[in-house]
Structures are given as structure tokens and as C-alpha cells.
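Data first, discussion second: the structure below is written as C-alpha cells.
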Amino acid sequence: MEARSPAPRKQLCPSGIAVLAFLSLLSCLLPSSEAKVYSRCELARVLQNFGLDGFRGYDLADWVCLAYFTSGFNTAAVDHEADGSTNNGLFQISSRRWCKNLTPNAINICRMYCTDLLNPNLKDTVICAMKIAQEPQGLGYWEAWRHHCQGKDLRDWVDGCDF
């Protein structure tokens, strides 16, 4: 009687690919572990400290309203678009033009990685948002601002906040 050796076991995934997949998943989770969801007044104070009140003619309330309607004050918000681009951070800044993600040939006007826009300290986010506000459209660049904030009485966004 001839002994048959068992069929070779099929490996589901080469170990190198498995490690790479794990590290990719882990890197996606890391920024969210540093996420911060600001309160309305806390964000208003931070944005005021960065000098956004009155920047390019926009009141602090414009910026707070924009942040609410783009990200719900969440610094780690990321929206993935069908074309592979992303909208990132508090102001949902697009990788199509403003920051660099994995999309090749991105314009990257803000000269930063999109993941930099997920940082809860907001320095990079504010720097990039200020560059966008200097464009001819200003805050009109953001559809959310045009629909929810532009031309409206926004005093409630900063009322009751101590500065």
C-alpha cells in the first residue's frame, strides 16, 4: 500500500502581505485615536487665538459655522470620494487640490499631507484654511458655508463664549 502525503496546505495570504495589510489598518486607526471633537465655544476660542476672527473679512462665527457643517467640529473627520480623493479634518479640506494623500499628481497647494489636517491642535488645518480663504472664492469655496452660513445671522455660533 502506497502512503499518500497530505495535500499541501494553501496559505490564505503570504505573510508579508498580511503584515502590510495589518500595518495599513493600524495606520488608519492611529489618527482617530488622536481625534478631538471640539465644543462650539472651545473651537471659537482656538480659532480666535489663531487669528481667524476678521481674517479676509470673515467673522469668527463664519469659521465656527463652517466647521460645524463640514465636520461637526471633529478634527479626525475624513470623507472618501469615488475618485479616490478625500476631504479631511475640521474643515474637510480636499486632497484634489490642497493636500497630499495617496492620489498621484495631487496639486497640494498647502504643501502638507492630508493626515496633517487631522491633528487636534489645528495649526496645519488653520494654515491651509487661511490659504483657501485667500482664494477669490474665499469661504465660498466650501459648499457647506455657502448653503448654511453665507448671508445668515451667525451670532449664535459665538454667543455665550468667553474670550
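Naming scheme: A, B, ... for chains in displayed order of the C-alpha cells; residues 1 onward per chain; ligands 1 onward as shown.
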- request: For range 83-92 of chain A, work out the shell of residues within 7 Å, counting only C-alpha atoms and skipping chain neighbours fewer than 6 positions away, then give it as an NGL selection string.
  value: :A and (66-67 or 70-71 or 73-77 or 103 or 114 or 117-118)
query: At what distance in Å, to one decimal, does CA of Phe55 in chain A lie from CA of Gly160 in chain A?
result: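 Here the two named atoms are 21.4 Å from each other.
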query: With only C-alpha atoms as the atoms that count, which of A:Ile107, A:Leu122, A:Leu102, A:Cys149 lies nearest to Val37 in chain A?
result: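 The closest residue to Val37 in chain A is A:Leu122.
For Ile127 in chain A, the residues within 12 Å (counting only C-alpha atoms, excluding itself and residues fewer than 3 positions away along the chain) are Leu47, Phe50, Gly51, Leu52, Phe55, Phe91, Ile93, Trp98, Cys99, Ile109, Cys110, Arg111, Met112, Asp116, Leu117, Asn121, Leu122, Lys123, Asp124, Met130, Lys131, Ile132, Ala133 and Gln134 of chain A.
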query: With distances taken over only C-alpha atoms, which of A:Arg45, A:Lys152, A:Arg56, A:Arg40 is nearest to Ala129 in chain A?
result: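 Among the listed residues, A:Arg56 lies closest to Ala129 in chain A.
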- prompt: Pick the closest to Gln48 in chain A from A:Trp63, A:Pro136, A:Lys36, A:Ala106: which is it, counting only C-alpha atoms?
  reply: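 Of A:Trp63, A:Pro136, A:Lys36, A:Ala106, the one nearest Gln48 in chain A, counting only C-alpha atoms, is A:Trp63.
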task: Rank nothing, just name the residue among A:Glu34, A:Asp153, A:Glu135, A:Glu81 nearest to Asn119 in chain A, using only C-alpha atoms.
output: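 Using only C-alpha atoms, the shortest distance to Asn119 in chain A belongs to A:Glu34.
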message: Can you tell me which residues surround Gly151 in chain A at a distance of at most 12 Å, considering only C-alpha atoms, apart from same-chain residues fewer than 5 positions away, and format the answer as a PyMOL selection string?
response: chain A and resi 58-59+61-62+65+139-140+145-146
- request: For Asp162 in chain A, please output as a PyMOL selection string all residues within 10 Å (counting only C-alpha atoms; exclusion window: fewer than 5 positions along the same chain).
  value: chain A and resi 41-42+44-45
Just to be explicit: take each residue in the selection above, keep N, CA and C atoms, and write the result as a PDB file, in the first residue's frame.
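Output contents, as saved in out_27.pdb:
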ATOM      1  N   CYS A  41     -17.815  76.641  21.766  1.00  0.00           N
ATOM      2  CA  CYS A  41     -17.038  77.746  22.351  1.00  0.00           C
ATOM      3  C   CYS A  41     -15.545  77.423  22.430  1.00  0.00           C
ATOM      4  N   GLU A  42     -15.227  76.187  22.703  1.00  0.00           N
ATOM      5  CA  GLU A  42     -13.808  75.790  22.740  1.00  0.00           C
ATOM      6  C   GLU A  42     -13.180  76.027  21.373  1.00  0.00           C
ATOM      7  N   ALA A  44     -14.269  78.086  19.032  1.00  0.00           N
ATOM      8  CA  ALA A  44     -14.245  79.527  18.781  1.00  0.00           C
ATOM      9  C   ALA A  44     -13.017  80.166  19.424  1.00  0.00           C
ATOM     10  N   ARG A  45     -12.698  79.771  20.656  1.00  0.00           N
ATOM     11  CA  ARG A  45     -11.509  80.320  21.333  1.00  0.00           C
ATOM     12  C   ARG A  45     -10.228  79.951  20.590  1.00  0.00           C
TER      13      ARG A  45
END
